[in-house]
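Undergrad: Starting off with a structure, shown below.
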Amino acid sequence: MAGTRWYWPLVWAALAFRLFLVPFADNLNLGSRPEVATPLTSLRRLAEGYWLKQSSLSPYTGSMYHGSPLLLIILGPLTVKRIESQPAHLYCSLIFVLVDFFTAMLIRAIGEKLMLTNCNNLKLLKPSKLVESFGGVDAADIASLIYLWNPFTVVTCLGSCTSPIDNLMVVLAIYGACSRIVPLAAFGWVMATHFSLYPGILVIPVLLLLGYGPDAPPPKLFPQKHSNGDGSLVHVFSWGPILQFSLWVVIWSCYVLLLSSISLKGFDGLYDMLKKTLGFILTVEDLSPNIGVLWYFFAEVFEFFRGFFLIVFHVNILFMVCPLAIRLMHRPCFLAFVYITISATLKSYPSVGDAALYLSLLGLFANELAEMKFSFFLFCGYIGVSLLSPVMHNLWIWRGTGNANFYFATGLAYACLQTVLVVESVSTMLNHDRKLKKELKKT
Amino acid sequence: MEEQKPPAARKSRLIVRLGSFLVSHSAFVSVICCVAGCIALLLLPVLAKNTYVSENALMPGSANPMFSNQDVLEANRFVKDIYEKRILKDGSGMEIARLIGKHMEDVGAEVYYHKFKYRNLRFHPLCFFSSTPRTAVLQNSSACTLNGVSPVGIIRAPRGDGKESVVLVTPYNSENIKLNEALSLGLAYSVFSLLSRVVWLAKDIVWLAADSRYGEYTSVASWLKDYHNPTFSSDSGKIGIEMCFEKTENHVEDESSFDGAAYDDFKRAGTMAAALVVKVTDKERSERDRVDIYAEASNGQMPNLDLINIVHYLAVHRQGLHVRVGTFGFLLNSALLKHVGKTLQRLTRLAESLNPGWKLGVNSADFVEGTATLASSMYYQALGVPTGPHGAFRDFQIDAITMELSPRTSLTNDNGISSFLLRGGRLIEGVIRSVNNLLEKFHQSFFLYFLTAPNKFVSVGVYMIAFALLVAPLPMVAAALFSSTANARSLTAVSNSKPTNSKPVTRSGSWNWLHSAKLVFLVHLWALIVSLLPYFISQVPRTNSTTNMLSWSLSSLLILYLLTRLTKSYVEGYQWEVLKSVMIAAASIGLSLMSIINFSTAQVGSILLVPMCLMVRPLKQPIQVPFFPAALLKILNILLAVVAFPPASLAILKGCLRGFESINIGDFWEWSEFLWVWNSATYLFVALVHLPCWYLCVHILLHN
């Protein structure tokens, strides 16, 4: 398989490509693109926050910085270090390259876990035939290569924004849950939620992963074949890891809050932090244009409806959590992918960094989604929208011949694409399970 | 793209059935659409509407002009003063600048001298679409060699808050001033001195006498850049410039009487509402005094139509001037066009006789003239190169036009010139007074339009139809090809279910387009490299365009060869139908993207690209049609593959216009150099959309 033979050269090439582009980061000026850096993740805002903190003001003074105080401690000192004739955020960019590499490796590890369990399950179900027909491609390698070579990831990595770290935390949570390292899973989940709130809904896939183990065909199929055998792989929800997980979540949350409060000592403290980070996400205060749909809507909506619509939009995500969890209970990793995609569509400050994450997670299910419909349409759509969006932005902001509707139209098209992607991938996955069932019945 | 519709046999939703109907009849529909698109394009001059002043606040011509014979006398005196300075051979440039500055000061304006360096425009790959005008790193060695000085005067409006301004630009060559340039300076001066006395002024007036020694555009652009990017003394770049001036200042110091303070401060007058570039020419005579309007800025951007409207309205209805916009002269005498016009006239007569209610009123002569003007308007927009110094303003979202005034008499005829100056002055005064009334920036009227006459335009809503009709078949044919191959594959998969092929075609199902996508991606990568090559080739000193062109094409071929060899094993196993559909998808994305950046380029490009993309099929592949259509299709394919190759199409165009003996190998290099120094997106279109598409078409043609 081409993927495996060329895997490491391609990985190193991806890293070299990033390092080659890092010196041009200032010329590319990606950090000011609304598609790349959002008010939450922008490194320029982080530098501002750090500067405020250095001059003994609260970093949340004004409305500049909305990230975590922990990021401020880690990345802040690096934003002020400069080398002559090099881009401003050189050190941060180098760190992000490293972070991208770790994320890719973790995705690969997740993929290998998934493939291993998949193999075992299929052997258990039908030893001879199915394993052959589902051998397919090396999904783990493909997913990590998609992550490394996706233009969205490259742009995010160079665009001086903190999305790579958010993505790393999400992947860390899934990896920890997959390989049943409970403290790691709890750490990843707590940090991801702390950074950007939306990964909070990933608690369901993480719990399912810890309880049931990684993705498997529907549990209904197993009793048919193994009604009398030893049910070693037959699904029993194990409560032990769940309890451990909740314990660790409590420990990590307390730890994070403690560290934050220490770093914000002397300022307004934790309440202010929560208001300026989570509150900022939930109330959609910053209406500067981005690729999402919320900014336009809340710029138009009347002030006295604002609270109502804020609830509607956020509950929109929560509405889908339960039905999907019930339907895809046997495939927690896929469920995590669906959750991440949905929250990337409906979150208040989306960026292409979110797309980079879910597109590579999509690669993990390359074998199951081989029959996916509209794949070419989606591919063209993603390319078209990602090229059209900067052009429309230029037309509106710099040329003055377009208006906000032009740019919002691409945002709307992007949201539609993501919706189609979710719908098609879920239906393909369910069809895949059905096909599995049919083939088992046949034999 | 609505590929993979479920078969129509099953009862499904109407829109799905409609989509699958279109897809199944794609050949017929695409021919209809293409023909309709071409006809719609040809009919655009007929569909043009009369212009109207859309913004009520402008109120053109509602006040009596105050510009009087007194001002004309003043202008004449000024012209004489300046024209005499021409005799002073050495340092006449400085003298003229100082004279203009002194006169500005005398009417009570704030004066400063803007100094700029002449920097040769060069290709820089990162400069395309840079959102902020980039202050390039100065190369100290060559940066200081040349510079110019433009005097700038600002009248502060008695009724304004200093936050808005109107700009008047008169380019003049400081080294070798001509009478017409002196006249334009005189005209601007008289208007300027009049405006310093009026009470109704609500916006500051800036008069830039641009030193056009190194080109009109350069001086205006550098002034605008300095105006919008304040540099502080701590900036290292500024020190470089200052040192430049120190150095050049030394040898003129004895005779120069500029005080040092005037150098350093750069006075500003708020955002610019509009800008007028005024020029006087003496090129061709007509029976009336004439105004030529140039409006095209970079990448096909146009100023707001209202600006052209008020100039046209005031010039025609108040001053009795003759207004012209750019026209292709050779089209006016084209027999074919006249024939089409006559046929249209006959057809409309017929239609009117059938139903007298229709008032189409197509006139053959009007049609020919409209077409010639439209063609010129489209050509200059498609080229993406500004037609004058007004283009520099558009990059800062300022509406600007160039007004080229030409008198009916010779420039030395005093009486004729006086009446000409009177009319010109009143026109400029009227336009400024209208703009002065504006409360917001120009936004009411159109930004996207073509002119078919000075008072007729085709708006975006109309001309988009022609383009949409041309491009609509692309996604449809892509979907048809895609679904046909998907069906064929599923049939073969049913017939022999054993996977017989040993190739690593593991991604079955709907992912098989990936193999073609790899090839398309590679070709686009190649095109990207090819588009960047000129940057390196132009670094080599002392070469002419022929050798440059040869090295460009040779290195492109070499890279193509290397790329295909290196990736040979990866881009196998595709079907040509799928490749064609992926190529068409890429082309339609490129075309629709370009239609937003620069509509005219996309329109012109689509006329070549769309037929080529739609018709292409392997030459060796037999088709189940009678001999004659099949042969015709083959011949058309080969013909299009030759004509659509960018250097070939340029050569053919040049050959048709100037005779085939004038064609040169270096032509294409010169042309593309011209495009990239002006940062024209047309270059990107040709290199990144047209070229890969052409290569893929040839690839499919030779597919076996």
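Residues are referred to by chain and number: the chain letter is A, B, ... according to the order shown in the structure tokens, the number counts from 1 in that chain, and ligands are numbered separately from 1 in the order shown.
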Restrict the distance test to only C-alpha atoms, flag each residue of chain A within 10 Å of chain B, and return the flagged residues as a tab-separated table (two decimals) with all heavy atoms, in the first residue's frame.
TA:
chain	number	residue	atom	x	y	z
A	1	MET	N	0.85	-1.20	0.00
A	1	MET	CA	0.00	0.00	0.00
A	1	MET	C	0.88	1.25	0.00
A	1	MET	O	1.83	1.36	0.76
A	1	MET	CB	-0.88	-0.06	1.27
A	1	MET	CG	-1.92	1.02	1.34
A	1	MET	SD	-2.98	1.05	-0.09
A	1	MET	CE	-2.99	2.76	-0.48
A	2	ALA	N	0.51	2.13	-0.86
A	2	ALA	CA	1.32	3.33	-1.04
A	2	ALA	C	1.44	4.11	0.26
A	2	ALA	O	2.49	4.65	0.59
A	2	ALA	CB	0.71	4.21	-2.12
A	24	PHE	N	7.88	32.93	5.78
A	24	PHE	CA	7.02	33.79	4.96
A	24	PHE	C	5.70	34.11	5.66
A	24	PHE	O	4.83	34.70	5.04
A	24	PHE	CB	6.73	33.14	3.62
A	24	PHE	CG	7.95	32.85	2.81
A	24	PHE	CD1	8.40	31.56	2.63
A	24	PHE	CD2	8.66	33.89	2.24
A	24	PHE	CE1	9.53	31.30	1.89
A	24	PHE	CE2	9.79	33.64	1.51
A	24	PHE	CZ	10.23	32.35	1.34
A	27	ASN	N	4.51	37.62	5.44
A	27	ASN	CA	4.08	38.05	4.11
A	27	ASN	C	2.71	37.52	3.77
A	27	ASN	O	1.92	38.19	3.12
A	27	ASN	CB	5.07	37.54	3.06
A	27	ASN	CG	6.35	38.32	3.10
A	27	ASN	OD1	6.35	39.45	3.58
A	27	ASN	ND2	7.41	37.74	2.62
A	28	LEU	N	2.46	36.27	4.19
A	28	LEU	CA	1.17	35.68	3.87
A	28	LEU	C	0.06	36.36	4.65
A	28	LEU	O	-1.09	36.35	4.22
A	28	LEU	CB	1.19	34.19	4.19
A	28	LEU	CG	2.11	33.38	3.29
A	28	LEU	CD1	2.25	31.97	3.82
A	28	LEU	CD2	1.58	33.34	1.88
A	29	ASN	N	0.41	36.93	5.80
A	29	ASN	CA	-0.55	37.74	6.54
A	29	ASN	C	-1.79	36.96	6.92
A	29	ASN	O	-2.91	37.46	6.86
A	29	ASN	CB	-0.94	38.94	5.69
A	29	ASN	CG	-1.35	40.09	6.56
A	29	ASN	OD1	-1.22	40.02	7.78
A	29	ASN	ND2	-1.86	41.15	5.95
A	135	GLY	N	-10.44	-5.32	4.44
A	135	GLY	CA	-9.05	-4.99	4.69
A	135	GLY	C	-8.74	-3.57	4.27
A	135	GLY	O	-8.14	-2.80	5.00
A	136	GLY	N	-9.18	-3.24	3.08
A	136	GLY	CA	-9.18	-1.87	2.59
A	136	GLY	C	-7.85	-1.16	2.73
A	136	GLY	O	-6.78	-1.74	2.58
A	137	VAL	N	-7.94	0.11	3.03
A	137	VAL	CA	-6.75	0.94	3.11
A	137	VAL	C	-6.35	1.11	4.56
A	137	VAL	O	-7.13	0.82	5.48
A	137	VAL	CB	-7.01	2.32	2.49
A	137	VAL	CG1	-7.12	2.21	1.00
A	137	VAL	CG2	-8.24	2.93	3.08
A	366	ALA	N	-12.23	5.71	6.56
A	366	ALA	CA	-12.14	5.60	5.10
A	366	ALA	C	-12.74	4.29	4.60
A	366	ALA	O	-13.40	4.27	3.56
A	366	ALA	CB	-10.68	5.70	4.68
A	367	ASN	N	-12.55	3.22	5.32
A	367	ASN	CA	-13.07	1.93	4.84
A	367	ASN	C	-14.58	1.86	4.95
A	367	ASN	O	-15.25	1.38	4.05
A	367	ASN	CB	-12.44	0.79	5.64
A	367	ASN	CG	-10.98	0.70	5.36
A	367	ASN	OD1	-10.57	0.86	4.22
A	367	ASN	ND2	-10.19	0.48	6.39
A	369	LEU	N	-16.64	4.35	5.02
A	369	LEU	CA	-17.32	5.35	4.23
A	369	LEU	C	-16.97	5.25	2.74
A	369	LEU	O	-17.13	6.21	2.00
A	369	LEU	CB	-16.98	6.76	4.73
A	369	LEU	CG	-17.37	7.05	6.16
A	369	LEU	CD1	-17.02	8.48	6.52
A	369	LEU	CD2	-18.85	6.83	6.37
A	370	ALA	N	-16.48	4.09	2.30
A	370	ALA	CA	-16.06	3.98	0.91
A	370	ALA	C	-17.22	4.22	-0.04
A	370	ALA	O	-17.02	4.65	-1.17
A	370	ALA	CB	-15.47	2.61	0.67
A	371	GLU	N	-18.43	3.94	0.41
A	371	GLU	CA	-19.57	4.09	-0.50
A	371	GLU	C	-20.26	5.43	-0.33
A	371	GLU	O	-21.41	5.60	-0.76
A	371	GLU	CB	-20.59	2.97	-0.22
A	371	GLU	CG	-20.08	1.58	-0.49
A	371	GLU	CD	-19.77	1.38	-1.97
A	371	GLU	OE1	-20.49	1.94	-2.80
A	371	GLU	OE2	-18.78	0.69	-2.26
A	372	MET	N	-19.60	6.37	0.29
A	372	MET	CA	-20.26	7.64	0.58
A	372	MET	C	-20.68	8.36	-0.70
A	372	MET	O	-19.90	8.45	-1.65
A	372	MET	CB	-19.33	8.53	1.38
A	372	MET	CG	-20.03	9.68	2.01
A	372	MET	SD	-18.95	10.41	3.23
A	372	MET	CE	-18.83	12.05	2.64
A	373	LYS	N	-21.87	8.86	-0.69
A	373	LYS	CA	-22.37	9.60	-1.86
A	373	LYS	C	-21.85	11.04	-1.82
A	373	LYS	O	-21.43	11.53	-0.79
A	373	LYS	CB	-23.89	9.60	-1.86
A	373	LYS	CG	-24.47	8.31	-2.41
A	373	LYS	CD	-25.92	8.50	-2.77
A	373	LYS	CE	-26.80	8.52	-1.53
A	373	LYS	NZ	-28.21	8.70	-1.85
A	374	PHE	N	-21.95	11.69	-2.91
A	374	PHE	CA	-21.64	13.13	-3.01
A	374	PHE	C	-20.21	13.48	-2.62
A	374	PHE	O	-19.93	14.61	-2.27
A	374	PHE	CB	-22.58	13.98	-2.16
A	374	PHE	CG	-24.01	13.89	-2.57
A	374	PHE	CD1	-24.97	13.42	-1.71
A	374	PHE	CD2	-24.38	14.26	-3.84
A	374	PHE	CE1	-26.29	13.33	-2.10
A	374	PHE	CE2	-25.69	14.17	-4.23
A	374	PHE	CZ	-26.65	13.71	-3.36
A	375	SER	N	-19.31	12.51	-2.63
A	375	SER	CA	-17.96	12.82	-2.16
A	375	SER	C	-17.29	13.85	-3.08
A	375	SER	O	-16.66	14.80	-2.63
A	375	SER	CB	-17.12	11.56	-2.11
A	375	SER	OG	-17.10	10.94	-3.37
A	376	PHE	N	-17.50	13.67	-4.39
A	376	PHE	CA	-16.89	14.60	-5.34
A	376	PHE	C	-17.49	15.99	-5.22
A	376	PHE	O	-16.79	17.00	-5.24
A	376	PHE	CB	-17.10	14.06	-6.76
A	376	PHE	CG	-16.43	14.88	-7.82
A	376	PHE	CD1	-15.10	15.21	-7.70
A	376	PHE	CD2	-17.13	15.31	-8.93
A	376	PHE	CE1	-14.48	15.96	-8.68
A	376	PHE	CE2	-16.52	16.05	-9.90
A	376	PHE	CZ	-15.20	16.38	-9.77
A	377	PHE	N	-18.80	16.01	-5.02
A	377	PHE	CA	-19.49	17.28	-4.84
A	377	PHE	C	-18.96	18.01	-3.60
A	377	PHE	O	-18.67	19.21	-3.64
A	377	PHE	CB	-20.98	17.02	-4.72
A	377	PHE	CG	-21.76	18.19	-4.22
A	377	PHE	CD1	-21.93	19.31	-5.00
A	377	PHE	CD2	-22.32	18.18	-2.96
A	377	PHE	CE1	-22.64	20.39	-4.55
A	377	PHE	CE2	-23.03	19.25	-2.48
A	377	PHE	CZ	-23.19	20.35	-3.28
A	378	LEU	N	-18.78	17.24	-2.52
A	378	LEU	CA	-18.28	17.86	-1.29
A	378	LEU	C	-16.87	18.38	-1.49
A	378	LEU	O	-16.53	19.48	-1.05
A	378	LEU	CB	-18.31	16.83	-0.16
A	378	LEU	CG	-19.67	16.57	0.44
A	378	LEU	CD1	-19.62	15.38	1.37
A	378	LEU	CD2	-20.12	17.80	1.22
A	380	CYS	N	-15.37	19.34	-4.28
A	380	CYS	CA	-15.40	20.57	-5.09
A	380	CYS	C	-15.95	21.73	-4.27
A	380	CYS	O	-15.46	22.85	-4.36
A	380	CYS	CB	-16.26	20.38	-6.32
A	380	CYS	SG	-15.55	19.28	-7.50
A	381	GLY	N	-16.97	21.42	-3.47
A	381	GLY	CA	-17.58	22.46	-2.66
A	381	GLY	C	-16.58	23.05	-1.68
A	381	GLY	O	-16.48	24.28	-1.54
A	383	ILE	N	-13.33	23.08	-1.92
A	383	ILE	CA	-12.33	23.87	-2.63
A	383	ILE	C	-12.92	25.20	-3.06
A	383	ILE	O	-12.35	26.27	-2.85
A	383	ILE	CB	-11.80	23.10	-3.85
A	383	ILE	CG1	-10.95	21.94	-3.38
A	383	ILE	CG2	-11.00	24.00	-4.77
A	383	ILE	CD1	-10.36	21.14	-4.48
A	384	GLY	N	-14.12	25.12	-3.63
A	384	GLY	CA	-14.77	26.34	-4.12
A	384	GLY	C	-14.98	27.35	-3.01
A	384	GLY	O	-14.63	28.52	-3.14
A	385	VAL	N	-15.53	26.88	-1.89
A	385	VAL	CA	-15.84	27.81	-0.80
A	385	VAL	C	-14.56	28.39	-0.22
A	385	VAL	O	-14.47	29.60	0.05
A	385	VAL	CB	-16.67	27.10	0.28
A	385	VAL	CG1	-16.68	27.91	1.56
A	385	VAL	CG2	-18.07	26.91	-0.21
A	387	LEU	N	-11.81	28.98	-1.67
A	387	LEU	CA	-11.23	30.00	-2.53
A	387	LEU	C	-12.12	31.23	-2.63
A	387	LEU	O	-11.66	32.36	-2.71
A	387	LEU	CB	-11.01	29.43	-3.94
A	387	LEU	CG	-9.96	28.35	-4.07
A	387	LEU	CD1	-9.94	27.81	-5.47
A	387	LEU	CD2	-8.60	28.92	-3.74
A	388	LEU	N	-13.42	30.97	-2.61
A	388	LEU	CA	-14.38	32.06	-2.81
A	388	LEU	C	-14.43	32.99	-1.60
A	388	LEU	O	-14.57	34.20	-1.76
A	388	LEU	CB	-15.76	31.44	-3.04
A	388	LEU	CG	-16.71	32.19	-3.94
A	388	LEU	CD1	-16.07	32.40	-5.28
A	388	LEU	CD2	-17.99	31.41	-4.10
A	389	SER	N	-14.27	32.40	-0.42
A	389	SER	CA	-14.45	33.19	0.79
A	389	SER	C	-13.46	34.36	0.89
A	389	SER	O	-13.88	35.49	1.13
A	389	SER	CB	-14.35	32.24	1.97
A	389	SER	OG	-14.17	32.92	3.14
A	390	PRO	N	-12.14	34.14	0.66
A	390	PRO	CA	-11.24	35.30	0.69
A	390	PRO	C	-11.54	36.33	-0.40
A	390	PRO	O	-11.41	37.53	-0.16
A	390	PRO	CB	-9.84	34.71	0.47
A	390	PRO	CG	-9.98	33.26	0.60
A	390	PRO	CD	-11.40	32.90	0.44
A	391	VAL	N	-11.97	35.83	-1.56
A	391	VAL	CA	-12.27	36.77	-2.65
A	391	VAL	C	-13.45	37.65	-2.30
A	391	VAL	O	-13.44	38.86	-2.50
A	391	VAL	CB	-12.53	35.99	-3.96
A	391	VAL	CG1	-13.05	36.91	-5.02
A	391	VAL	CG2	-11.27	35.32	-4.43
A	392	MET	N	-14.49	37.03	-1.73
A	392	MET	CA	-15.67	37.81	-1.34
A	392	MET	C	-15.31	38.80	-0.23
A	392	MET	O	-15.80	39.93	-0.22
A	392	MET	CB	-16.77	36.87	-0.84
A	392	MET	CG	-17.39	36.03	-1.91
A	392	MET	SD	-18.23	37.03	-3.13
A	392	MET	CE	-19.21	35.83	-3.96
A	393	HIS	N	-14.46	38.36	0.68
A	393	HIS	CA	-14.04	39.25	1.76
A	393	HIS	C	-13.30	40.45	1.18
A	393	HIS	O	-13.53	41.59	1.56
A	393	HIS	CB	-13.13	38.47	2.72
A	393	HIS	CG	-12.85	39.20	3.98
A	393	HIS	ND1	-11.67	39.88	4.19
A	393	HIS	CD2	-13.59	39.39	5.09
A	393	HIS	CE1	-11.70	40.44	5.38
A	393	HIS	NE2	-12.86	40.15	5.95
A	394	ASN	N	-12.42	40.17	0.20
A	394	ASN	CA	-11.68	41.25	-0.45
A	394	ASN	C	-12.63	42.21	-1.15
A	394	ASN	O	-12.48	43.43	-1.08
A	394	ASN	CB	-10.72	40.61	-1.45
A	394	ASN	CG	-9.89	41.62	-2.18
A	394	ASN	OD1	-10.37	42.23	-3.12
A	394	ASN	ND2	-8.65	41.82	-1.77
A	395	LEU	N	-13.64	41.64	-1.80
A	395	LEU	CA	-14.61	42.46	-2.54
A	395	LEU	C	-15.38	43.37	-1.61
A	395	LEU	O	-15.68	44.51	-1.94
A	395	LEU	CB	-15.58	41.50	-3.24
A	395	LEU	CG	-16.18	41.95	-4.55
A	395	LEU	CD1	-15.09	42.08	-5.56
A	395	LEU	CD2	-17.20	40.93	-5.01
A	397	ILE	N	-14.48	44.20	1.83
A	397	ILE	CA	-13.72	45.07	2.71
A	397	ILE	C	-12.79	46.00	1.93
A	397	ILE	O	-12.72	47.19	2.18
A	397	ILE	CB	-12.91	44.25	3.72
A	397	ILE	CG1	-13.84	43.38	4.56
A	397	ILE	CG2	-12.07	45.14	4.60
A	397	ILE	CD1	-14.71	44.13	5.50
A	398	TRP	N	-12.07	45.44	0.95
A	398	TRP	CA	-11.01	46.23	0.33
A	398	TRP	C	-11.44	46.93	-0.93
A	398	TRP	O	-11.00	48.03	-1.22
A	398	TRP	CB	-9.79	45.36	0.06
A	398	TRP	CG	-9.21	44.88	1.33
A	398	TRP	CD1	-9.29	43.62	1.84
A	398	TRP	CD2	-8.52	45.65	2.32
A	398	TRP	NE1	-8.70	43.55	3.06
A	398	TRP	CE2	-8.22	44.79	3.38
A	398	TRP	CE3	-8.15	46.99	2.41
A	398	TRP	CZ2	-7.55	45.22	4.52
A	398	TRP	CZ3	-7.48	47.41	3.53
A	398	TRP	CH2	-7.19	46.54	4.56
A	399	ARG	N	-12.25	46.29	-1.75
A	399	ARG	CA	-12.65	46.95	-2.98
A	399	ARG	C	-13.89	47.82	-2.79
A	399	ARG	O	-14.09	48.77	-3.52
A	399	ARG	CB	-12.98	45.91	-4.04
A	399	ARG	CG	-11.79	45.24	-4.62
A	399	ARG	CD	-12.24	44.67	-5.91
A	399	ARG	NE	-11.26	43.83	-6.52
A	399	ARG	CZ	-11.45	43.26	-7.70
A	399	ARG	NH1	-12.59	43.46	-8.34
A	399	ARG	NH2	-10.55	42.52	-8.24
A	400	GLY	N	-14.72	47.41	-1.84
A	400	GLY	CA	-15.91	48.20	-1.58
A	400	GLY	C	-16.99	48.04	-2.62
A	400	GLY	O	-17.97	48.78	-2.62
A	401	THR	N	-16.83	47.08	-3.54
A	401	THR	CA	-17.88	46.91	-4.54
A	401	THR	C	-18.88	45.84	-4.12
A	401	THR	O	-19.95	45.76	-4.70
A	401	THR	CB	-17.29	46.53	-5.90
A	401	THR	OG1	-16.37	45.48	-5.71
A	401	THR	CG2	-16.59	47.70	-6.52
A	402	GLY	N	-18.53	45.03	-3.14
A	402	GLY	CA	-19.48	44.04	-2.65
A	402	GLY	C	-20.03	44.49	-1.31
A	402	GLY	O	-19.77	45.59	-0.87
Undergrad: Name the residues of region 5-226 of chain B that fall into strand (DSSP E or B) according to DSSP on the backbone, using the chain letters and numbers of this document, as a ChimeraX atom specification.
TA: /B:49-50,110-117,147-155,164-169,172,204-208,211
Undergrad: Near Phe313 (chain A), within 9 Å and counting only C-alpha atoms, which residues show up once chain neighbours fewer than 5 positions away are dropped, as a PyMOL selection string?
TA: chain A and resi 294+308+346-347
Undergrad: Excluding same-chain residues fewer than 4 positions from Gly266 (chain A), what lies within 12 Å of it counting only C-alpha atoms, as an mmCIF file with all heavy atoms, in the first residue's frame?
TA:
data_model
loop_
_atom_site.group_PDB
_atom_site.id
_atom_site.type_symbol
_atom_site.label_atom_id
_atom_site.label_comp_id
_atom_site.auth_asym_id
_atom_site.auth_seq_id
_atom_site.Cartn_x
_atom_site.Cartn_y
_atom_site.Cartn_z
ATOM 1 N N LYS A 53 -1.018 42.028 30.806
ATOM 2 C CA LYS A 53 -0.709 41.375 32.074
ATOM 3 C C LYS A 53 0.657 41.841 32.587
ATOM 4 O O LYS A 53 0.841 42.047 33.787
ATOM 5 C CB LYS A 53 -0.709 39.871 31.877
ATOM 6 C CG LYS A 53 -0.856 39.145 33.170
ATOM 7 C CD LYS A 53 -0.966 37.660 32.967
ATOM 8 C CE LYS A 53 -0.765 36.989 34.297
ATOM 9 N NZ LYS A 53 0.039 35.788 34.177
ATOM 10 N N SER A 56 0.705 44.882 34.557
ATOM 11 C CA SER A 56 -0.146 44.662 35.729
ATOM 12 C C SER A 56 -1.588 45.119 35.554
ATOM 13 O O SER A 56 -2.160 45.766 36.403
ATOM 14 C CB SER A 56 0.439 45.266 37.007
ATOM 15 O OG SER A 56 1.418 46.182 36.743
ATOM 16 N N LEU A 57 -2.113 44.762 34.427
ATOM 17 C CA LEU A 57 -3.551 44.922 34.225
ATOM 18 C C LEU A 57 -4.106 43.518 34.027
ATOM 19 O O LEU A 57 -3.359 42.599 33.686
ATOM 20 C CB LEU A 57 -3.832 45.740 32.968
ATOM 21 C CG LEU A 57 -3.617 47.236 33.036
ATOM 22 C CD1 LEU A 57 -3.588 47.810 31.640
ATOM 23 C CD2 LEU A 57 -4.732 47.856 33.833
ATOM 24 N N SER A 58 -5.388 43.377 34.212
ATOM 25 C CA SER A 58 -5.985 42.088 33.921
ATOM 26 C C SER A 58 -5.897 41.845 32.413
ATOM 27 O O SER A 58 -6.158 42.750 31.624
ATOM 28 C CB SER A 58 -7.450 42.073 34.353
ATOM 29 O OG SER A 58 -8.106 40.991 33.759
ATOM 30 N N PRO A 59 -5.491 40.640 31.989
ATOM 31 C CA PRO A 59 -5.396 40.400 30.545
ATOM 32 C C PRO A 59 -6.744 40.529 29.842
ATOM 33 O O PRO A 59 -6.788 40.667 28.621
ATOM 34 C CB PRO A 59 -4.854 38.975 30.455
ATOM 35 C CG PRO A 59 -5.098 38.365 31.777
ATOM 36 C CD PRO A 59 -5.057 39.487 32.759
ATOM 37 N N SER A 260 -5.348 28.768 37.043
ATOM 38 C CA SER A 260 -5.855 30.018 36.465
ATOM 39 C C SER A 260 -5.949 31.091 37.515
ATOM 40 O O SER A 260 -5.553 32.237 37.297
ATOM 41 C CB SER A 260 -7.234 29.795 35.845
ATOM 42 O OG SER A 260 -7.210 28.742 34.946
ATOM 43 N N SER A 261 -6.495 30.690 38.666
ATOM 44 C CA SER A 261 -6.683 31.719 39.692
ATOM 45 C C SER A 261 -5.332 32.207 40.203
ATOM 46 O O SER A 261 -5.194 33.382 40.541
ATOM 47 C CB SER A 261 -7.536 31.186 40.833
ATOM 48 O OG SER A 261 -6.827 30.166 41.491
ATOM 49 N N ILE A 262 -4.339 31.296 40.221
ATOM 50 C CA ILE A 262 -3.012 31.764 40.636
ATOM 51 C C ILE A 262 -2.468 32.765 39.634
ATOM 52 O O ILE A 262 -1.943 33.826 39.992
ATOM 53 C CB ILE A 262 -2.045 30.569 40.774
ATOM 54 C CG1 ILE A 262 -2.423 29.747 41.998
ATOM 55 C CG2 ILE A 262 -0.594 31.047 40.897
ATOM 56 C CD1 ILE A 262 -1.643 28.473 42.113
ATOM 57 N N LEU A 270 -11.381 34.523 39.102
ATOM 58 C CA LEU A 270 -11.950 33.471 38.265
ATOM 59 C C LEU A 270 -13.269 33.857 37.614
ATOM 60 O O LEU A 270 -13.528 33.523 36.460
ATOM 61 C CB LEU A 270 -12.180 32.216 39.113
ATOM 62 C CG LEU A 270 -10.954 31.330 39.300
ATOM 63 C CD1 LEU A 270 -11.346 30.102 40.070
ATOM 64 C CD2 LEU A 270 -10.378 30.957 37.957
ATOM 65 N N ASP A 272 -14.320 36.674 36.629
ATOM 66 C CA ASP A 272 -14.077 37.517 35.453
ATOM 67 C C ASP A 272 -13.567 36.665 34.296
ATOM 68 O O ASP A 272 -13.989 36.838 33.149
ATOM 69 C CB ASP A 272 -13.046 38.584 35.818
ATOM 70 C CG ASP A 272 -12.889 39.603 34.706
ATOM 71 O OD1 ASP A 272 -13.937 40.027 34.179
ATOM 72 O OD2 ASP A 272 -11.752 39.955 34.368
#
